[in-house]
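Only one structure is covered here, and it is reproduced in the block below.
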Amino acid sequence: MKLTSRLALACLSGAMLLAAWAPVQAQEARPDQGNASKGLSEDQRIIHFLNRFTLGATPRLLAEVKAKGMKAWLQEQLKAAASEPQFLRDRLGEMGSLELSAAQIVDNYVEQVGRDATPRERREAQILENIPQKELIDSIVLRAIYSPNQVREVSADFFRNHFAVSVEKGPVKWLAVEYERSVVRHHALGSFAQMLKASAHHPAMLFYLDNCLSSRPATPEELEAIKRRGKNVPERIEQAQQRGLNENYARELLELHTLGVDNYYTQDDVIEVAKCLTGWTITPRNSAKPLTFWFRRDAHCSGDKVVLGTTIKADAQNPVNEGEAVLELLIGHEGTARFLAWKLCRWLVNDEPGEAMVKRIADVFQKTRGDLAAVYLAIFEDPDFFTQANYLSKYKRPFEFVVSALRATGAEVTEVDAIQRALAGMAEPLYRCDNPTGFYDHAEAWQDPGAMALRWKAALDFAKGNVRGVRLPASLYADLPEDKPMEWKALLAARLLCVPLSDNTSRAIDDFVARAVQANSRVKVKDLAPEIVAGLLGSPEFQKQ
Amino acid sequence: MNFSRRSFLKVAGAGVGALALPAFAWRGLFAQEAAAATRSLVVIYLRGGADALNIVVPFADSRYYELRPSIAIAPEAGGEGAPVIRLDKQFGLHPSLGALKPHFDAARLAPIVCTGSPHTTRSHFDAQDFMEYGAPGSRTVRDGWLNRYLNATNKAAGTDATRLRAVAMQSLLPRSLRGEYPVLAVPDDKVLNDGKLIDLFDDVYKDGGKQEGEKNSGEKKDAPKDMMGERREEDSVKQTGKDTVETLKRYKEILKRPMEGKRATFGVDKFGRAMRDIATCIRANVGLEVASVDVGGWDDHVNEGGAEGALAQRLKTLGDNLAAFLEDLGPRAESTLVYVMTEFGRTCKENGNEGTDHGHGGCAFLLGGKVKGGKVHGQWSGLAEKDLYQKRDLPVTTDYRDVFATVLAQHMKFEVPKGFFPDYSPKAVAGLF
């Protein structure tokens with residue numbers, strides 16, 4: 001990283017943090033107001049709102065939203081119009097692959113290494129080849145932490161999981177940069193309908209779920225013709241016979257992307273959808289428009305198909321339209337609206353969202369064909385959004401935990417690799433989900449004895465500067481009275497947490513500090529305060545949102 | 001939301017300590033002995049739907065070769081690639097599983113064909129969930145079958161704090177071990193070896209102890225729980241933290257104990273290390289009853305390979321490490337049963353990409369313990385189209401719940417009570433033990 005941007009980063013986060021605390025502390029004394037919504041105070045309402053619509057509420061953001069009003073703030077966010085800070089733009093600008101097409105990425109980063117290449121040449125080719133996926137992860141993490149357009153980041157987080165692909169599978173590592181940009185981020189506050197279509201046509205998805213390989217089986221006539229021609233008969237017959245339907249994408253399209261598992265569809269529908277989508281593949285590298293969507297007419301299954309009871313007439317003129325018709329059918333289907341509404345409510349409201357709310361959101365979803373800005377606004381305005389039962393009811397996923405910890409501490413992140421490794425340790429590495437479900441987003445999936453130790457370890461490592469490329473700013477510890485260690489906890493808690501510390505955590509950290517003081521009566525801020533920060537980030541209070 | 005863990009909290013109060021019943025004097029006396037006699041069940045889950053037909057190969061059936069022109073395993077040497085390892089006149093093991101053949105010959109390995117779930121789903125995620133919850137089709141059961149076993153036998157297991165009844169060798173628990181009984185998901189070495197960590201968070205997550213109750217009383221405790229989202233959730237998070245501290249301390253202590261006797265050679269891969277650590281726990285006599293390991297990557301839609309290739313490599317890792325595991329256990333292999341399972345088998349016919357798609361009936365292995373090995377178990381009806389499930393997949397002739405129940409009854413000496421599997425009374429699988 002360049003010195004200038006690092007400086008900018010340091011200055012900015014320092015300024016951010018210092019500016020933030022004073023007003024918040026002043027507010028704490030104010031009585032709660034606006035008790036209208038089922039027992040949540042005004043502060044709690046804003047905290048709840050920020051917990052769901054950002055990747056980490058901070059005292060600074062709390063003050064900002066308080067000043068502007070939640071709805072006005074959300075409406076601005078839904079336009080994602082806030083300009084990203086200069087240091088973030090600089091960092092993203094340094095990443096050469098982010099704006100490239102898949103084909104350009106392959107041209108620029110993938111070198112054919114000859115058989116006689118030296119180990120060094122191989123290594124260099126390997127390093128070069130890994131740059132795009134590294135920049136992909138870097139950009140996601142940096143935007144999640146520093147982008148002021150937090151609602152877009154939350155939505156991208158959701159749809160990155162909803163339409164999950166993994167860079168572990170073959171060339172997806174070169175296709176995923178464009179996928180994240182043109183499918184996930186581009187539509188994150190736009191239209192679900194468009195996003196679904198974009199994902200269905202994108203080489204990353206076509207490859208990840210094998211649709212690029214799916215084709216009609218060879219007909220007996222074709223096999224006969226090969227024999228008649230008499231050239232390389234055994235090989236050609238074998239090639240022809242090996243072609244066939246691959247159900248993988250068709251099934252996940254119904255199960256994961258639109259209707260939800262075993263809702264409305266049967267195995268026959270899976271096969272029929274797969275038939276409609278035969279021929280949806282990827283242009284080869286040496287073609288005129290390489291690594292883009294390609295409809296291979298000769299791989300397409302002819303004949304009418306019946307999907308969900310609807311006949312998709314064979315379109316002899318333009319058979320690609322059969323697949324498009326399937327997508328249209330799914331986009332308009334009430335099952336898709338219900339499934340997406342339920343999943344978004346689980347993401348943004350409660351692990352077990354109420355049926356009435358899901359129904360209301362599904363209606364908006366269906367009416368607007370998945371206009372995501374409208375859906376998010378409807379969730380915010382729903383009578384069941386601001387309730388005591390939803391407040392702090394969700395357990396942070398590893399990604400949410402890590403990003404919110406880095407946001408809360410104002411961390412200066414110069415390298416992301418170690419953060420991705422920490423996420424991998426917690427079983428949630430970005431763009432490396434083992435299966436196309438995406439990562440789970442309910443507490444039960446993450447709340448295991450043992451798993452929590454990984455969070456504590458991350459918190460301790462962040463705080464103590466043991467994570468390469470992550471530094472907590474000195475300003476975090478500014479003004480801690482060197483000679484009064486028992487006061488540090490309260491000051492740090494006010495800087496990091498939006499919710500009050502529980503008596504239990506408070507006392508536990510006091511005990512811990514007291515022991516440290518007993519061992520060394522002249523214990524220094526720089527030695528003990530990071531451990532207090534780790535204790536706060538690892539506390540039950542910080543695991544919830 | 002985690003209903004089971006919450007309802008547990010209501011009953012048990014707080015923490016692992018409260019989970020245990022009042023400590024009777026005899027427990028201390030007999031704990032060591034009881035632990036030494038512990039029967040252990042090691043569940044290995046092949047995630048992705050392992051291709052049963054290429055693992056236990058029906059080499060005598062010519063249909064097998066018709067259905068799989070490019071990925072079949074040859075019936076005998078001289079064909080393409082290494083041939084099957086013959087088990088009987090009908091079935092053979094994939095050639096990568098050579099390390100397990102001696103165990104079949106010694107009657108310690110029992111393959112089961114056409115076993116799996118009666119549920120029709122071909123979704124990995126549903127099929128796995130349904131199987132691990134022991135509740136096909138249910139969307140409400142949220143505790144795993146192994147956790148239900150641990151919970152039901154918890155009373156008998158006693159309160160010996162040095163016991164470690166169950167572990168999962170991965171940073172998140174599999175569904176089968178989720179539920180009321182706190183099972184340790186073993187984090188990586190970096191976490192285990194950080195001395196400061198447990199010290200700090202032992203404090204943060206412990207009960208207030210003597211100091212608790214000064215200020216905390218009154219304000220929230222009496223409030224109805226369904227109104228107090230905050231408090232309820234705080235408890236489940238705190239509970240997880242306390243369980244974490246408790247079980248990690250115990251696990252760390254076990255791994256540090258000196259180990260007598262020599263060790264077998266395990267693979268240096270993740271699976272090999274997991275099997276080695278499980279063997280360590282069993283040999284350390286800590287009362288380990290259930291251990292679980294996930295092995296991913298079995299979803300062979302493309303380029304599955306035959307005698308060599310992707311599936312072959314995975315099977316090699318699996319077979320070699322299982323053989324090492326039994327060797328390492330020595331006499332303890334008598335009281336240890338390994339159960340290898342997967343969510344479903346795959347299509348009998350290969351697809352257009354030299355792979356296979358999601359199927360129905362699968363296979364399982366039981367290895368060790370007192371299993372009656374040396375024989376292929378399960379009912380086989382052949383590969384004729386009319387005998388296949390939906391004309392394409394192996395049928396399920398042995399419900400996995402029957403195997404679960406038989407394993408629990410015969411190996412773990414636990415007769416499943418009525419309702420253990422919702423709406424299902426399991427039948428003992430004849431001849432398995």
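Chain labels follow the order of the structure tokens: the first chain is A, the next B, and so on; residue numbering restarts at 1 in every chain, and ligands are counted from 1 in their shown order.
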From the DSSP assignment of the backbone, select every residue of stretch 250-440 of chain A that is strand (DSSP E), and format the answer as a ChimeraX atom specification.
/A:280-282,293-295,305-307,310-312,412-413
Residues of chain A within 7 Å of chain B, counting only C-alpha atoms - could you list those as a PDB file with C-alpha atoms, in the first residue's frame?
ATOM      1  CA  LEU A 213     -21.909 -28.821 -19.885  1.00  0.00           C
ATOM      2  CA  GLN A 242     -21.094 -38.572 -23.336  1.00  0.00           C
ATOM      3  CA  ARG A 243     -23.174 -35.529 -23.958  1.00  0.00           C
ATOM      4  CA  GLY A 244     -26.255 -35.261 -21.896  1.00  0.00           C
ATOM      5  CA  LEU A 245     -28.375 -33.401 -19.402  1.00  0.00           C
ATOM      6  CA  ASN A 246     -26.805 -32.091 -16.250  1.00  0.00           C
ATOM      7  CA  ASP A 351     -34.058 -15.863  12.549  1.00  0.00           C
ATOM      8  CA  GLU A 352     -37.702 -16.929  12.710  1.00  0.00           C
ATOM      9  CA  GLN A 388     -38.518  -5.989  21.403  1.00  0.00           C
ATOM     10  CA  ALA A 389     -38.385  -9.588  20.184  1.00  0.00           C
ATOM     11  CA  ASN A 390     -36.252  -8.610  17.193  1.00  0.00           C
ATOM     12  CA  TYR A 391     -33.948  -6.282  19.082  1.00  0.00           C
ATOM     13  CA  LEU A 392     -30.492  -7.879  19.421  1.00  0.00           C
ATOM     14  CA  SER A 393     -32.078 -11.177  18.500  1.00  0.00           C
ATOM     15  CA  MET A 426     -14.555 -19.539  11.392  1.00  0.00           C
ATOM     16  CA  ALA A 427     -15.928 -21.533   8.459  1.00  0.00           C
ATOM     17  CA  HIS A 442     -29.204 -18.132  11.510  1.00  0.00           C
ATOM     18  CA  ALA A 443     -27.729 -18.374  14.978  1.00  0.00           C
ATOM     19  CA  GLU A 444     -28.106 -22.093  15.323  1.00  0.00           C
ATOM     20  CA  TRP A 446     -22.862 -20.724  14.195  1.00  0.00           C
ATOM     21  CA  GLN A 447     -23.480 -21.133  17.888  1.00  0.00           C
ATOM     22  CA  ASP A 448     -21.403 -24.138  18.768  1.00  0.00           C
ATOM     23  CA  PRO A 449     -19.200 -24.685  21.777  1.00  0.00           C
ATOM     24  CA  GLY A 450     -15.715 -24.286  20.441  1.00  0.00           C
ATOM     25  CA  ALA A 451     -16.686 -22.166  17.480  1.00  0.00           C
ATOM     26  CA  MET A 452     -16.910 -19.146  19.710  1.00  0.00           C
ATOM     27  CA  ALA A 453     -13.271 -19.518  20.671  1.00  0.00           C
ATOM     28  CA  LEU A 454     -12.422 -18.618  17.097  1.00  0.00           C
ATOM     29  CA  TRP A 456     -12.285 -14.652  20.770  1.00  0.00           C
ATOM     30  CA  LYS A 457      -9.040 -15.513  19.091  1.00  0.00           C
ATOM     31  CA  ASP A 503     -23.158  -6.221  34.778  1.00  0.00           C
ATOM     32  CA  ASN A 504     -21.622  -9.610  34.272  1.00  0.00           C
ATOM     33  CA  THR A 505     -19.250  -8.623  31.499  1.00  0.00           C
ATOM     34  CA  ALA A 508     -15.602  -9.931  34.575  1.00  0.00           C
ATOM     35  CA  ILE A 509     -13.411  -7.388  32.870  1.00  0.00           C
ATOM     36  CA  PHE A 512      -9.376  -9.379  34.787  1.00  0.00           C
ATOM     37  CA  GLY A 535     -12.715  -8.798  26.050  1.00  0.00           C
ATOM     38  CA  SER A 539     -18.248 -10.380  24.980  1.00  0.00           C
ATOM     39  CA  PRO A 540     -21.804 -11.660  24.578  1.00  0.00           C
TER      40      PRO A 540
END
Please list as a ChimeraX atom specification every residue within 12 Å of A:Glu252, counting only C-alpha atoms and excluding residues in the same chain fewer than 3 positions away.
/A:162-165,200,205-206,208-211,246-249,255-262,265,267,269-271,273-274,435-438 /B:122-125,358
I want to know what sits within 6 Å of B:Gly287, based on only C-alpha atoms, with residues of the same chain fewer than 2 positions away left out; could you give that as a list in words?
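The residues that qualify are Ala35, Thr38, Arg163, Leu164, Arg165 and Asn285 of chain B.
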For stretch 149-160 of chain A, find every residue with an atom within 8 Å (counting only C-alpha atoms), except residues of its own chain fewer than 6 positions away, and show them as an mmCIF file with C-alpha atoms, in the first residue's frame.
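Output file around-v6.cif is given in full below:
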data_model
loop_
_atom_site.group_PDB
_atom_site.id
_atom_site.type_symbol
_atom_site.label_atom_id
_atom_site.label_comp_id
_atom_site.auth_asym_id
_atom_site.auth_seq_id
_atom_site.Cartn_x
_atom_site.Cartn_y
_atom_site.Cartn_z
ATOM 1 C CA PHE A 53 -29.113 -2.288 7.671
ATOM 2 C CA THR A 54 -25.360 -1.877 8.164
ATOM 3 C CA LEU A 55 -22.452 -4.195 8.802
ATOM 4 C CA LEU A 74 -32.321 4.800 4.449
ATOM 5 C CA GLN A 77 -28.718 4.661 1.229
ATOM 6 C CA LEU A 78 -31.043 2.947 -1.203
ATOM 7 C CA ALA A 80 -26.068 4.289 -2.725
ATOM 8 C CA ALA A 81 -25.144 7.828 -3.594
ATOM 9 C CA ALA A 82 -22.700 8.586 -0.798
ATOM 10 C CA GLU A 84 -16.686 6.590 -0.983
ATOM 11 C CA ARG A 143 -15.981 -1.857 1.113
ATOM 12 C CA GLU A 180 -19.428 -9.859 -8.147
ATOM 13 C CA VAL A 184 -24.164 -9.051 -7.239
ATOM 14 C CA ARG A 185 -23.191 -5.424 -6.766
ATOM 15 C CA ALA A 188 -27.870 -5.216 -5.132
ATOM 16 C CA LEU A 189 -30.236 -2.262 -4.780
ATOM 17 C CA LEU A 344 -34.656 -11.461 3.455
ATOM 18 C CA TRP A 347 -31.521 -11.854 7.207
ATOM 19 C CA TYR A 431 -16.447 -16.794 -2.166
ATOM 20 C CA GLY A 438 -24.284 -19.956 0.554
#
Report, in Å with one decimal, the straight-line distance from atom CA of A:Ala378 to atom CA of A:Leu61.
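One can read the atom CA of A:Ala378 to atom CA of A:Leu61 distance as 22.0 Å.
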Please provide as a PyMOL selection string all residues within 8 Å of A:Glu541, with the sequence filter that same-chain residues fewer than 3 positions apart are discarded (counting only C-alpha atoms).
(chain A and resi 499+501-502+536+544) or (chain B and resi 234)
Grab the residues selected above and save them as a CSV table (one decimal), in the first residue's frame with C-alpha atoms.
chain,number,residue,atom,x,y,z
A,499,VAL,CA,-25.4,-1.1,23.8
A,501,LEU,CA,-22.3,-3.4,29.0
A,502,SER,CA,-24.0,-6.1,31.1
A,536,LEU,CA,-15.3,-6.3,24.9
A,544,LYS,CA,-25.4,-10.0,19.0
B,234,GLU,CA,-27.9,-13.2,25.8
Between A:Lys526, A:Leu277, A:Ser97, A:Asn466, which residue has the minimum interatomic distance to A:Arg251, considering only C-alpha atoms?
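Selected residue with least distance to A:Arg251: A:Leu277.
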Residues near A:Arg471, anyone? I mean within 9 Å using only C-alpha atoms, not counting same-chain ones fewer than 5 positions away, as a PyMOL selection string.
chain A and resi 410-414+462-466
Selection from above, C-alpha atoms, as a PDB file, in the first residue's frame, can you write it?
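Written output follows (selection-v6.pdb):
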ATOM      1  CA  GLY A 410     -11.781   2.086  13.481  1.00  0.00           C
ATOM      2  CA  ALA A 411      -9.162  -0.434  12.404  1.00  0.00           C
ATOM      3  CA  GLU A 412      -6.717   0.527   9.697  1.00  0.00           C
ATOM      4  CA  VAL A 413      -6.689  -2.363   7.293  1.00  0.00           C
ATOM      5  CA  THR A 414      -3.783  -2.414   4.892  1.00  0.00           C
ATOM      6  CA  PHE A 462      -6.926  -7.860  16.168  1.00  0.00           C
ATOM      7  CA  ALA A 463      -6.562  -5.968  19.418  1.00  0.00           C
ATOM      8  CA  LYS A 464      -3.000  -7.030  20.070  1.00  0.00           C
ATOM      9  CA  GLY A 465      -1.842  -6.278  16.557  1.00  0.00           C
ATOM     10  CA  ASN A 466      -1.176  -9.923  15.741  1.00  0.00           C
TER      11      ASN A 466
END
Interatomic distance between atom CA of A:Val177 and atom CA of A:Asp107?
14.0 Å
Step one, run DSSP on the backbone; step two, keep only residues of stretch 65-301 of chain A assigned to alpha helix (DSSP H); then write them as a VMD selection string.
chain A and resid 65 to 68 70 to 77 86 to 93 102 to 109 119 to 146 150 to 162 172 to 179 186 to 187 192 to 201 203 to 208 220 to 229 233 to 242 248 to 252 267 to 276
Kindly save the residues from that selection, with C-alpha atoms included, as a compact mmCIF listing (two decimals), in the first residue's frame.
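This is the output file result.txt:
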# COMPACT_ATOMS: atom_id res chain seq x y z
CA VAL A 65 -28.69 8.69 11.78
CA LYS A 66 -30.11 10.37 14.82
CA ALA A 67 -29.45 13.73 13.24
CA LYS A 68 -30.84 12.82 9.85
CA MET A 70 -33.83 6.85 9.91
CA LYS A 71 -36.12 6.98 6.92
CA ALA A 72 -34.33 9.83 5.22
CA TRP A 73 -31.02 8.09 5.84
CA LEU A 74 -32.32 4.80 4.45
CA GLN A 75 -33.75 6.47 1.37
CA GLU A 76 -30.38 8.00 0.63
CA GLN A 77 -28.72 4.66 1.23
CA GLN A 86 -10.76 9.01 -1.06
CA PHE A 87 -8.51 6.45 0.62
CA LEU A 88 -10.99 3.70 -0.25
CA ARG A 89 -11.22 4.85 -3.83
CA ASP A 90 -7.44 4.91 -3.98
CA ARG A 91 -7.19 1.42 -2.61
CA LEU A 92 -9.78 0.07 -5.03
CA GLY A 93 -8.17 2.03 -7.85
CA ALA A 102 -13.62 -12.11 -17.45
CA ALA A 103 -11.86 -12.32 -20.80
CA GLN A 104 -9.56 -9.42 -19.98
CA ILE A 105 -8.72 -11.03 -16.65
CA VAL A 106 -7.72 -14.24 -18.36
CA ASP A 107 -5.70 -12.28 -20.92
CA ASN A 108 -3.90 -10.22 -18.32
CA TYR A 109 -3.44 -12.65 -15.47
CA PRO A 119 9.99 -23.45 -10.95
CA ARG A 120 10.41 -19.74 -10.60
CA GLU A 121 8.40 -19.05 -13.75
CA ARG A 122 5.72 -21.39 -12.51
CA ARG A 123 5.59 -19.65 -9.18
CA GLU A 124 5.35 -16.25 -10.78
CA ALA A 125 2.58 -17.42 -13.06
CA GLN A 126 0.77 -18.78 -10.02
CA ILE A 127 1.09 -15.51 -8.14
CA LEU A 128 -0.15 -13.55 -11.13
CA GLU A 129 -3.07 -15.89 -11.62
CA ASN A 130 -4.20 -15.49 -8.01
CA ILE A 131 -4.29 -11.71 -8.12
CA PRO A 132 -7.87 -11.33 -9.38
CA GLN A 133 -9.41 -13.48 -6.65
CA LYS A 134 -7.28 -11.75 -4.04
CA GLU A 135 -8.44 -8.35 -5.27
CA LEU A 136 -12.00 -9.60 -5.26
CA ILE A 137 -11.83 -10.51 -1.57
CA ASP A 138 -9.86 -7.37 -0.71
CA SER A 139 -12.44 -5.15 -2.35
CA ILE A 140 -15.35 -6.86 -0.63
CA VAL A 141 -13.82 -6.61 2.83
CA LEU A 142 -12.61 -3.03 2.42
CA ARG A 143 -15.98 -1.86 1.11
CA ALA A 144 -17.79 -3.69 3.89
CA ILE A 145 -15.70 -1.90 6.48
CA TYR A 146 -15.28 1.55 4.97
CA GLN A 150 -23.72 0.30 4.01
CA VAL A 151 -27.15 -0.83 2.86
CA ARG A 152 -25.70 -1.79 -0.48
CA GLU A 153 -22.98 -3.74 1.30
CA VAL A 154 -25.58 -5.58 3.39
CA SER A 155 -27.58 -6.41 0.29
CA ALA A 156 -24.48 -7.54 -1.60
CA ASP A 157 -23.60 -9.74 1.36
CA PHE A 158 -27.03 -11.32 1.16
CA PHE A 159 -27.04 -11.94 -2.58
CA ARG A 160 -23.43 -13.09 -2.66
CA ASN A 161 -24.73 -15.90 -0.48
CA HIS A 162 -28.03 -16.31 -2.24
CA VAL A 172 -14.58 -19.45 -11.35
CA LYS A 173 -11.61 -17.73 -9.75
CA TRP A 174 -11.17 -15.69 -12.92
CA LEU A 175 -14.86 -15.23 -13.56
CA ALA A 176 -15.87 -14.18 -10.06
CA VAL A 177 -14.56 -10.61 -10.24
CA GLU A 178 -16.95 -9.82 -13.06
CA TYR A 179 -19.70 -11.84 -11.38
CA HIS A 186 -24.76 -4.03 -9.89
CA HIS A 187 -28.22 -5.25 -8.92
CA PHE A 192 -34.08 -9.20 -8.24
CA ALA A 193 -35.49 -10.13 -11.64
CA GLN A 194 -32.49 -8.58 -13.35
CA MET A 195 -30.09 -10.14 -10.89
CA LEU A 196 -31.54 -13.61 -11.40
CA LYS A 197 -31.24 -13.24 -15.15
CA ALA A 198 -27.72 -11.87 -14.88
CA SER A 199 -26.66 -14.80 -12.70
CA ALA A 200 -28.26 -17.32 -15.05
CA HIS A 201 -26.33 -15.90 -18.00
CA PRO A 203 -20.14 -17.73 -17.01
CA ALA A 204 -19.30 -18.03 -13.30
CA MET A 205 -22.72 -19.52 -12.53
CA LEU A 206 -22.88 -21.48 -15.78
CA PHE A 207 -19.63 -23.11 -14.87
CA TYR A 208 -20.09 -23.41 -11.11
CA PRO A 220 -29.79 -42.48 -32.70
CA GLU A 221 -29.77 -40.75 -36.07
CA GLU A 222 -26.67 -38.79 -35.13
CA LEU A 223 -24.89 -41.92 -34.02
CA GLU A 224 -25.84 -43.55 -37.29
CA ALA A 225 -24.55 -40.57 -39.22
CA ILE A 226 -21.19 -40.78 -37.44
CA LYS A 227 -20.90 -44.41 -38.36
CA ARG A 228 -21.79 -43.68 -41.98
CA ARG A 229 -19.15 -41.00 -42.25
CA VAL A 233 -15.89 -43.60 -35.40
CA PRO A 234 -15.19 -44.95 -31.88
CA GLU A 235 -14.00 -41.58 -30.53
CA ARG A 236 -16.81 -39.65 -32.13
CA ILE A 237 -19.41 -42.08 -30.92
CA GLU A 238 -17.97 -41.84 -27.45
CA GLN A 239 -17.96 -38.05 -27.52
CA ALA A 240 -21.52 -37.98 -28.75
CA GLN A 241 -22.71 -40.43 -26.15
CA GLN A 242 -21.09 -38.57 -23.34
CA ASN A 248 -27.21 -29.38 -11.25
CA TYR A 249 -28.06 -25.79 -12.12
CA ALA A 250 -31.73 -26.50 -12.90
CA ARG A 251 -32.19 -27.97 -9.44
CA GLU A 252 -30.42 -25.18 -7.57
CA GLN A 267 -38.03 -33.95 -9.96
CA ASP A 268 -39.82 -33.81 -13.32
CA ASP A 269 -39.75 -30.04 -13.19
CA VAL A 270 -36.01 -30.16 -12.51
CA ILE A 271 -35.49 -32.24 -15.64
CA GLU A 272 -37.77 -30.05 -17.73
CA VAL A 273 -36.01 -26.89 -16.56
CA ALA A 274 -32.67 -28.52 -17.34
CA LYS A 275 -33.94 -29.29 -20.85
CA CYS A 276 -35.05 -25.69 -21.38
